[in-house]
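Trainee: Compact mmCIF, C-alpha atoms, saved as target-v4.txt, coming up:
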# COMPACT_ATOMS: atom_id res chain seq x y z
CA VAL A 1 -22.64 -10.45 0.31
CA PHE A 2 -19.44 -8.70 1.31
CA ILE A 3 -17.77 -6.48 -1.32
CA ALA A 4 -14.09 -5.55 -0.95
CA THR A 5 -12.71 -4.22 -4.21
CA ASP A 6 -9.69 -2.29 -5.34
CA SER A 7 -10.20 0.89 -7.36
CA PHE A 8 -10.61 0.75 -11.13
CA LYS A 9 -7.73 3.08 -11.96
CA GLY A 10 -8.78 6.16 -13.87
CA SER A 11 -12.51 5.48 -13.69
CA LEU A 12 -13.88 4.34 -10.31
CA SER A 13 -12.59 4.65 -6.78
CA SER A 14 -12.79 1.62 -4.54
CA ILE A 15 -16.00 2.81 -2.90
CA GLN A 16 -17.59 3.86 -6.22
CA ALA A 17 -16.86 0.41 -7.67
CA ALA A 18 -18.37 -1.26 -4.59
CA LYS A 19 -21.56 0.80 -4.90
CA ARG A 20 -21.96 -0.12 -8.57
CA MET A 21 -21.44 -3.81 -7.76
CA LYS A 22 -24.08 -3.53 -5.04
CA GLU A 23 -26.49 -2.05 -7.57
CA GLY A 24 -26.02 -5.00 -9.93
CA ILE A 25 -26.37 -7.57 -7.14
CA LEU A 26 -29.67 -6.07 -5.94
CA ARG A 27 -31.17 -6.41 -9.43
CA VAL A 28 -30.98 -10.19 -8.98
CA PHE A 29 -31.23 -10.53 -5.20
CA PRO A 30 -33.25 -7.49 -4.04
CA GLU A 31 -33.40 -8.77 -0.45
CA ALA A 32 -29.67 -9.45 -0.17
CA VAL A 33 -27.83 -7.99 2.81
CA ILE A 34 -24.77 -6.27 1.37
CA GLU A 35 -21.77 -4.86 3.18
CA TYR A 36 -18.85 -3.20 1.48
CA SER A 37 -15.52 -1.89 2.59
CA PRO A 38 -13.12 0.06 0.38
CA VAL A 39 -9.63 -1.39 0.37
CA ALA A 40 -6.23 -0.42 -0.96
CA ASP A 41 -2.71 -1.83 -0.97
CA GLY A 42 -0.85 0.93 0.84
CA GLY A 43 -0.10 3.04 -2.23
CA GLU A 44 -1.67 6.24 -3.49
CA GLY A 45 -5.18 6.77 -2.15
CA THR A 46 -4.66 4.72 1.00
CA VAL A 47 -5.50 7.59 3.36
CA ASP A 48 -8.79 8.36 1.62
CA THR A 49 -9.67 4.67 1.40
CA MET A 50 -9.02 4.05 5.09
CA ILE A 51 -11.08 7.09 6.12
CA ALA A 52 -13.95 5.87 3.94
CA ALA A 53 -13.74 2.32 5.34
CA ILE A 54 -13.29 3.08 9.03
CA GLY A 55 -14.20 6.71 9.56
CA GLY A 56 -12.03 9.52 10.80
CA GLU A 57 -10.72 12.80 9.51
CA ILE A 58 -8.13 14.20 7.13
CA ARG A 59 -5.53 16.50 8.63
CA HIS A 60 -2.82 18.63 7.05
CA HIS A 61 0.68 19.51 8.13
CA SER A 62 3.39 21.64 6.54
CA VAL A 63 6.42 19.48 5.73
CA MET A 64 9.68 19.65 3.83
CA LYS A 65 9.56 18.42 0.23
CA PRO A 66 12.21 15.96 -1.01
CA ASN A 67 14.43 18.60 -2.61
CA GLY A 68 13.64 21.58 -0.42
CA GLY A 69 10.71 23.93 0.03
CA TYR A 70 7.51 23.06 1.84
CA THR A 71 4.14 21.53 1.05
CA GLU A 72 0.88 20.92 2.90
CA ALA A 73 0.78 17.14 3.29
CA LYS A 74 -2.33 15.29 4.37
CA TYR A 75 -2.61 12.31 6.69
CA GLY A 76 -5.52 10.56 8.33
CA VAL A 77 -6.56 10.08 11.94
CA LEU A 78 -8.96 7.16 12.01
CA SER A 79 -11.93 6.84 14.33
CA SER A 80 -10.03 3.97 15.97
CA GLY A 81 -7.30 6.42 17.00
CA LYS A 82 -4.77 5.09 14.53
CA ALA A 83 -3.00 7.37 12.08
CA VAL A 84 -2.47 6.51 8.44
CA ILE A 85 0.25 8.19 6.40
CA GLU A 86 1.36 8.05 2.78
CA MET A 87 5.03 8.96 2.75
CA ALA A 88 4.62 10.12 -0.85
CA ALA A 89 2.51 13.01 0.45
CA ALA A 90 5.69 14.41 1.97
CA SER A 91 8.55 12.74 0.10
CA GLY A 92 7.00 11.55 -3.15
CA LEU A 93 8.13 11.86 -6.73
CA PRO A 94 5.07 13.91 -7.83
CA LEU A 95 6.19 16.71 -5.48
CA VAL A 96 9.29 17.33 -7.58
CA SER A 97 9.20 18.45 -11.19
CA PRO A 98 11.45 16.52 -13.60
CA GLN A 99 13.69 19.58 -13.85
CA GLU A 100 14.11 19.80 -10.05
CA ARG A 101 14.77 16.12 -9.33
CA ASN A 102 18.04 15.49 -7.53
CA ILE A 103 18.12 12.00 -6.10
CA MET A 104 21.53 12.58 -4.53
CA ASN A 105 20.12 15.24 -2.18
CA ALA A 106 16.49 14.12 -1.88
CA THR A 107 15.44 13.58 1.74
CA THR A 108 12.69 11.78 3.66
CA TYR A 109 12.76 14.51 6.34
CA GLY A 110 9.18 15.48 5.46
CA ALA A 111 7.98 11.92 6.03
CA GLY A 112 9.48 12.11 9.52
CA GLU A 113 7.65 15.39 10.08
CA LEU A 114 4.36 13.69 9.17
CA ILE A 115 5.05 10.92 11.70
CA LYS A 116 5.78 13.59 14.31
CA ALA A 117 2.48 15.32 13.45
CA ALA A 118 0.67 12.03 14.09
CA LEU A 119 2.42 11.72 17.45
CA ASP A 120 1.39 15.30 18.28
CA ALA A 121 -2.20 14.32 17.43
CA GLY A 122 -2.03 11.66 20.13
CA CYS A 123 -1.74 8.65 17.82
CA ARG A 124 0.27 5.74 19.18
CA ASN A 125 -0.49 3.34 16.37
CA ILE A 126 0.65 4.54 12.96
CA LEU A 127 0.33 2.96 9.52
CA VAL A 128 2.80 4.24 6.93
CA GLY A 129 2.53 3.50 3.20
CA ILE A 130 5.92 3.93 1.57
CA GLY A 131 5.26 3.73 -2.16
CA GLY A 132 6.11 6.44 -4.70
CA SER A 133 9.18 7.98 -3.08
CA ALA A 134 11.56 10.47 -4.70
CA THR A 135 14.31 9.57 -2.26
CA ASN A 136 17.23 7.21 -1.74
CA ASP A 137 18.44 8.20 1.74
CA GLY A 138 17.79 4.99 3.68
CA GLY A 139 15.26 6.76 5.88
CA VAL A 140 17.98 8.88 7.48
CA GLY A 141 16.11 12.15 6.82
CA MET A 142 12.98 10.67 8.38
CA ALA A 143 14.94 9.68 11.48
CA GLN A 144 16.61 13.11 11.67
CA ALA A 145 13.19 14.77 11.75
CA LEU A 146 12.35 12.64 14.77
CA GLY A 147 15.54 13.44 16.67
CA ALA A 148 18.13 10.90 15.52
CA SER A 149 21.66 12.09 14.73
CA PHE A 150 24.05 10.87 12.02
CA LYS A 151 27.60 12.18 12.40
CA ASP A 152 30.52 12.43 9.98
CA LYS A 153 34.20 11.92 10.88
CA ASN A 154 34.39 15.47 12.25
CA GLY A 155 31.46 14.90 14.58
CA LYS A 156 29.15 17.10 12.52
CA GLU A 157 25.60 16.24 11.43
CA ILE A 158 25.52 15.02 7.83
CA GLY A 159 23.46 16.84 5.24
CA PHE A 160 20.36 15.62 3.45
CA GLY A 161 20.14 12.96 0.75
CA GLY A 162 21.53 9.61 -0.27
CA LYS A 163 24.92 11.02 -1.20
CA ALA A 164 25.55 12.08 2.40
CA LEU A 165 25.16 8.50 3.69
CA ALA A 166 28.73 7.80 2.61
CA GLU A 167 29.93 10.27 5.26
CA ILE A 168 28.27 8.55 8.24
CA VAL A 169 30.65 7.18 10.87
CA ASP A 170 28.35 7.23 13.92
CA ILE A 171 24.63 7.08 14.73
CA ASP A 172 23.01 8.40 17.90
CA LEU A 173 19.37 7.48 18.55
CA ASN A 174 19.23 8.88 22.08
CA GLY A 175 17.51 12.03 20.86
CA LEU A 176 14.63 10.18 19.18
CA ASP A 177 11.19 11.38 20.20
CA GLU A 178 10.39 9.60 23.47
CA ARG A 179 6.81 8.99 22.35
CA LEU A 180 8.08 6.49 19.78
CA LYS A 181 8.84 4.03 22.58
CA GLU A 182 5.11 3.65 23.21
CA THR A 183 4.08 3.76 19.56
CA GLU A 184 3.45 0.83 17.22
CA ILE A 185 4.42 1.63 13.64
CA THR A 186 3.44 -0.61 10.74
CA VAL A 187 5.03 -0.04 7.35
CA MET A 188 2.86 -1.00 4.39
CA CYS A 189 5.44 -2.39 1.99
CA ASP A 190 4.83 -4.53 -1.08
CA VAL A 191 8.37 -4.98 -2.37
CA THR A 192 10.99 -7.41 -1.09
CA ASN A 193 14.18 -5.75 -2.32
CA PRO A 194 17.23 -5.69 -0.04
CA LEU A 195 18.91 -2.39 0.80
CA TYR A 196 21.63 -2.46 -1.85
CA GLY A 197 23.16 -4.66 -4.55
CA GLU A 198 21.80 -5.77 -7.91
CA ASN A 199 18.24 -5.87 -6.57
CA GLY A 200 18.66 -3.01 -4.13
CA ALA A 201 17.04 0.40 -3.82
CA ALA A 202 19.40 2.39 -6.04
CA ARG A 203 19.80 -0.16 -8.83
CA ILE A 204 16.12 -1.07 -9.20
CA TYR A 205 14.33 2.18 -8.40
CA GLY A 206 17.00 4.85 -8.89
CA PRO A 207 16.50 5.27 -12.67
CA GLN A 208 12.83 6.23 -12.31
CA LYS A 209 13.94 8.92 -9.85
CA GLY A 210 16.42 10.36 -12.31
CA ALA A 211 19.62 8.59 -11.24
CA THR A 212 22.42 8.12 -13.77
CA GLU A 213 24.53 4.95 -13.85
CA GLU A 214 27.34 6.72 -12.02
CA GLN A 215 24.93 7.99 -9.35
CA ILE A 216 23.44 4.52 -8.90
CA LYS A 217 26.89 3.14 -8.07
CA GLU A 218 27.57 5.99 -5.64
CA LEU A 219 24.21 5.62 -3.92
CA ASP A 220 24.64 1.86 -3.67
CA GLU A 221 27.96 2.29 -1.86
CA ALA A 222 26.47 4.96 0.38
CA LEU A 223 23.62 2.64 1.41
CA LYS A 224 26.14 -0.08 2.17
CA ASN A 225 28.00 2.32 4.47
CA LEU A 226 24.74 3.16 6.23
CA ALA A 227 24.09 -0.55 6.77
CA ASP A 228 27.63 -1.14 8.06
CA VAL A 229 27.48 1.70 10.59
CA THR A 230 23.95 0.73 11.64
CA GLU A 231 25.06 -2.83 12.30
CA LYS A 232 28.10 -1.63 14.28
CA VAL A 233 26.07 0.76 16.45
CA LEU A 234 22.85 -1.23 16.92
CA GLY A 235 24.33 -4.73 16.79
CA LYS A 236 21.83 -5.90 14.17
CA ASP A 237 22.08 -6.37 10.42
CA PHE A 238 19.04 -4.97 8.61
CA ARG A 239 20.41 -4.79 5.07
CA TRP A 240 18.93 -8.06 3.75
CA ILE A 241 15.49 -8.02 5.35
CA GLU A 242 12.65 -8.18 2.83
CA GLY A 243 11.59 -4.66 2.00
CA ALA A 244 14.77 -2.99 3.28
CA GLY A 245 15.22 -1.35 -0.12
CA ALA A 246 11.65 -0.06 -0.38
CA ALA A 247 11.29 3.69 -0.95
CA GLY A 248 15.01 4.23 -1.38
CA GLY A 249 15.90 2.29 1.75
CA LEU A 250 13.17 3.82 3.93
CA GLY A 251 12.05 0.26 4.68
CA MET A 252 15.34 -0.42 6.46
CA GLY A 253 15.35 2.98 8.14
CA MET A 254 11.87 2.47 9.59
CA LYS A 255 12.80 -0.98 10.86
CA ALA A 256 16.23 -0.09 12.24
CA PHE A 257 15.56 3.34 13.74
CA LEU A 258 11.87 3.16 14.70
CA ASN A 259 11.49 -0.60 15.29
CA ALA A 260 8.63 -0.66 12.78
CA ASN A 261 6.94 -3.80 11.46
CA LEU A 262 7.04 -4.30 7.69
CA LYS A 263 3.87 -5.90 6.30
CA PRO A 264 2.28 -6.21 2.85
CA GLY A 265 0.03 -3.20 2.39
CA ILE A 266 -3.17 -5.13 1.84
CA GLU A 267 -2.56 -7.21 4.97
CA ALA A 268 -2.03 -4.14 7.14
CA ILE A 269 -5.14 -2.46 5.77
CA MET A 270 -7.33 -5.54 6.20
CA ASP A 271 -6.20 -5.88 9.81
CA ALA A 272 -6.92 -2.20 10.51
CA SER A 273 -10.33 -2.43 8.79
CA ASN A 274 -11.49 -5.55 10.66
CA ILE A 275 -12.11 -7.26 7.32
CA ASP A 276 -12.21 -10.75 8.86
CA GLU A 277 -15.43 -10.14 10.76
CA LYS A 278 -17.15 -8.92 7.61
CA ILE A 279 -15.96 -11.95 5.65
CA LYS A 280 -17.21 -14.30 8.38
CA ARG A 281 -20.73 -12.83 8.09
CA ALA A 282 -20.89 -13.27 4.32
CA ASP A 283 -22.13 -16.14 2.17
CA VAL A 284 -20.06 -14.90 -0.75
CA VAL A 285 -17.25 -12.35 -1.11
CA VAL A 286 -16.97 -10.09 -4.15
CA THR A 287 -13.70 -8.41 -5.05
CA GLY A 288 -12.36 -6.72 -8.17
CA GLU A 289 -9.92 -4.40 -9.93
CA GLY A 290 -9.53 -2.65 -13.26
CA ARG A 291 -7.67 -5.44 -15.00
CA ILE A 292 -7.06 -8.97 -13.78
CA ASP A 293 -4.22 -11.26 -14.83
CA ASN A 294 -2.02 -13.82 -13.13
CA GLN A 295 -0.01 -11.02 -11.51
CA SER A 296 -3.13 -9.98 -9.61
CA VAL A 297 -2.44 -12.74 -7.10
CA CYS A 298 1.06 -11.51 -6.29
CA GLY A 299 0.27 -9.49 -3.20
CA LYS A 300 -2.38 -7.20 -4.64
CA VAL A 301 -5.82 -6.45 -3.19
CA ILE A 302 -7.55 -9.37 -4.91
CA ASP A 303 -4.94 -11.79 -3.59
CA GLY A 304 -5.23 -10.51 -0.03
CA ILE A 305 -9.02 -10.75 -0.01
CA ALA A 306 -8.94 -14.27 -1.48
CA ARG A 307 -6.45 -15.46 1.13
CA ARG A 308 -8.54 -14.12 4.00
CA ALA A 309 -11.74 -15.61 2.56
CA ARG A 310 -10.09 -19.03 2.27
CA LEU A 311 -9.50 -19.01 6.03
CA TYR A 312 -13.27 -19.11 6.52
CA ASN A 313 -14.23 -21.24 3.49
CA LYS A 314 -16.02 -18.36 1.80
CA PRO A 315 -16.28 -18.40 -2.01
CA VAL A 316 -14.80 -15.39 -3.81
CA ILE A 317 -15.83 -13.97 -7.16
CA ALA A 318 -14.17 -11.11 -8.99
CA VAL A 319 -15.88 -8.38 -10.99
CA VAL A 320 -13.20 -6.67 -13.07
CA GLY A 321 -12.82 -4.17 -15.86
CA SER A 322 -11.06 -6.55 -18.21
CA ALA A 323 -9.43 -9.96 -17.94
CA GLU A 324 -6.59 -11.87 -19.54
CA SER A 325 -7.59 -15.13 -21.22
CA GLU A 326 -5.10 -17.11 -19.09
CA LEU A 327 -6.10 -16.96 -15.42
CA SER A 328 -4.96 -20.30 -14.03
CA ASP A 329 -3.01 -18.68 -11.17
CA VAL A 330 -6.02 -16.54 -10.28
CA TYR A 331 -8.25 -19.59 -9.97
CA ALA A 332 -5.59 -21.51 -8.08
CA ALA A 333 -5.40 -18.64 -5.57
CA GLY A 334 -9.05 -19.14 -4.64
CA ILE A 335 -11.00 -16.87 -6.99
CA GLU A 336 -13.93 -19.07 -7.99
CA SER A 337 -15.11 -17.03 -10.96
CA VAL A 338 -14.27 -13.85 -12.88
CA GLU A 339 -16.71 -11.58 -14.69
CA ALA A 340 -15.30 -8.82 -16.93
CA ALA A 341 -17.19 -5.57 -17.38
CA ILE A 342 -15.88 -5.28 -20.94
CA CYS A 343 -17.75 -8.05 -22.70
CA ARG A 344 -17.94 -6.62 -26.23
CA ASN A 345 -15.85 -4.48 -28.56
CA MET A 346 -15.49 -0.91 -27.28
CA THR A 347 -12.86 1.78 -27.07
CA ILE A 348 -10.90 2.29 -23.87
CA SER A 349 -12.28 5.82 -23.54
CA TYR A 350 -15.85 4.52 -23.80
CA ALA A 351 -15.14 1.83 -21.19
CA MET A 352 -13.66 4.38 -18.80
CA ASN A 353 -16.55 6.80 -19.26
CA GLU A 354 -19.20 4.10 -18.87
CA ALA A 355 -17.45 2.20 -16.07
CA SER A 356 -20.31 2.68 -13.60
CA THR A 357 -22.86 1.05 -15.90
CA LEU A 358 -20.51 -1.67 -17.11
CA VAL A 359 -19.47 -2.73 -13.60
CA ALA A 360 -23.08 -2.85 -12.37
CA ASP A 361 -24.06 -4.96 -15.40
CA ALA A 362 -21.12 -7.34 -14.80
CA ALA A 363 -22.16 -7.81 -11.17
CA GLU A 364 -25.70 -8.55 -12.32
CA ARG A 365 -24.49 -11.19 -14.81
CA ILE A 366 -22.42 -13.08 -12.29
CA MET A 367 -25.24 -13.01 -9.75
CA ARG A 368 -27.60 -14.47 -12.36
CA SER A 369 -25.15 -17.37 -12.69
CA ILE A 370 -25.24 -17.82 -8.92
CA SER A 371 -29.05 -17.73 -9.08
CA VAL A 372 -29.01 -20.58 -11.62
CA GLY A 373 -26.82 -22.63 -9.28
CA MET A 374 -29.15 -21.98 -6.38
CA LYS A 375 -32.18 -23.11 -8.41
CA LEU A 376 -30.40 -26.29 -9.51
CA TYR A 377 -29.45 -27.04 -5.91
CA SER A 378 -33.02 -26.39 -4.77
CA ALA A 379 -34.46 -28.71 -7.43
CA GLU A 380 -31.96 -31.43 -6.52
CA THR A 381 -32.83 -31.13 -2.85
CA GLU A 382 -36.56 -31.38 -3.57
CA GLU A 383 -36.02 -34.58 -5.61
CA GLU A 384 -34.17 -36.16 -2.73
Could you render the structure as C-alpha cells?
Mentor:
Amino acid sequence: VFIATDSFKGSLSSIQAAKRMKEGILRVFPEAVIEYSPVADGGEGTVDTMIAAIGGEIRHHSVMKPNGGYTEAKYGVLSSGKAVIEMAAASGLPLVSPQERNIMNATTYGAGELIKAALDAGCRNILVGIGGSATNDGGVGMAQALGASFKDKNGKEIGFGGKALAEIVDIDLNGLDERLKETEITVMCDVTNPLYGENGAARIYGPQKGATEEQIKELDEALKNLADVTEKVLGKDFRWIEGAGAAGGLGMGMKAFLNANLKPGIEAIMDASNIDEKIKRADVVVTGEGRIDNQSVCGKVIDGIARRARLYNKPVIAVVGSAESELSDVYAAGIESVEAAICRNMTISYAMNEASTLVADAAERIMRSISVGMKLYSAETEEE
C-alpha cells in the first residue's frame, strides 16, 4: 500500500494523517508493506512537507518584508540538493498586519533574496511556491534583488511596489546573478490567471490584499505597462501565459526574467519526490484530505495522485475527513472509493480533536471492504 495524502487542515499534517491511515490498514492487513510520502500542492507547509518526504534541512535567511522591515524567512535544502522556497515566507500577506498593508508599495524583493540565498547554498535546482502573496509588483522586486534593473524615463531605478511599474520605460537584465544561467527554477503555481484584465492579478486578487477599486485600476494599468516594456525589450509576450497573474504577477516575472517553468504545485512536488516509483510498487494507492467534493479534482493533491496512479493502472481510494454526497467528478477522475472519517453526528470541534482516531478507523473500514472483495475473488477462483 502506498499512502500519499494531503493534510487535514487544522487537525492533522500530511505525515500525521498518513501514519493514522497506516495504523488502520495494519488492523486488517497486519503483514501489509506500507510506504507513505507526505505531499502538498505548493502552498503553505510545502517546505516542511518536502523535507519530511525527501530529507534535508531547514535554513533561515534575513529578508525584506513586503512593506519594509526584515524577517527571518525559512527555506529548505533537500537531500537531493534541490532548494524549496515558499515566497510567502518572504513576501506573504501574513507578514503584514491589516493596518500596515499597502499593496501599491508592496514588493517581492524578499522573495528574490530567498532565491539568492538558495544560490549561495549551492542549489542549482530551485522549487518556488508562490501562493499567499501580499504583492502586486509583477515580480519586479524579486528580479531587482537578483540584479535586474528597471529604469524610469530619467534613467533612474524605479522604487518598490506595483504602483512604480507604471514608470518603467526600460529593463536591463545584464546584471542578473550569473548563477541563474545554470539554475533550473520551477514555479509551483495552481492558478491560470493572465497578468492583467478582468481575470488578472489586480482585479481577482487585489481586494484580499487591501486594494480599493481605484487602486485596482491603477495596478492593472501598471502591469500592462510592465508587459509592454518586457515584450519590447525581450521580444516575447508573457502577459497571457497561464499563471502570469499568480502572486500579483510574480508568475510572469519568474518566467520572463528568470526563465522559470510554471507547473501545477502537486505535479512539481510529485516529480521532486519520485512519487511514480512508489506508485509502481503498490497494489493500491491511498490518498485523502480534510473534505472532499467535486472541486477536489481540480488540480489539488487528490487529483494529482489519481492522475499519476492511472498511468500505472493502480486503484486509488480516498480516506477523508468529510465528503459531499455528490462525488461524480471524483469517481470519474479515477478515485475508486471514498471513506469519510465523520460517519455519525458529531460537532466540528470533536471531529478536529479526535481526527487521529477517526482517520485510523476510516482506513480500517475501507480495508475491511477490500478484504471482503479479496475473499470473494478467492472463493470464485477456487470454484473455477
Trainee: Any idea what the distance is between atom CA of Gly253 of chain A and atom CA of Thr71 of chain A?
Mentor: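 Separating atom CA of Gly253 of chain A from atom CA of Thr71 of chain A is a distance of 22.8 Å.
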Trainee: So what do you get for atom CA of Gly139 of chain A versus atom CA of Lys116 of chain A, distance-wise?
Mentor: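 It comes out at 14.4 Å.
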Trainee: I'd like the neighbourhood of Thr49 of chain A as a PyMOL selection string, where a residue qualifies if any of its atoms comes within 9 Å (using all atoms listed in the file), though same-chain residues fewer than 4 positions away should be ignored.
Mentor: chain A and resi 13-15+37-40+45+53-54
Trainee: For Thr135 of chain A, find every residue with an atom within 6 Å (counting only C-alpha atoms), except residues of its own chain fewer than 2 positions away, and show them as a PyMOL selection string.
Mentor: chain A and resi 103+106-107+133+137+248
Trainee: Please list as a PDB file with C-alpha atoms, in the coordinates of the input every residue within 6 Å of segment 238-240 of chain A, counting only C-alpha atoms and excluding residues in the same chain fewer than 2 positions away.
Mentor:
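selection-v9.pdb was written with the following content:
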ATOM      1  CA  PRO A 194      17.230  -5.690  -0.040  1.00  0.00           C
ATOM      2  CA  LEU A 195      18.910  -2.390   0.800  1.00  0.00           C
ATOM      3  CA  ALA A 227      24.090  -0.550   6.770  1.00  0.00           C
TER       4      ALA A 227
END
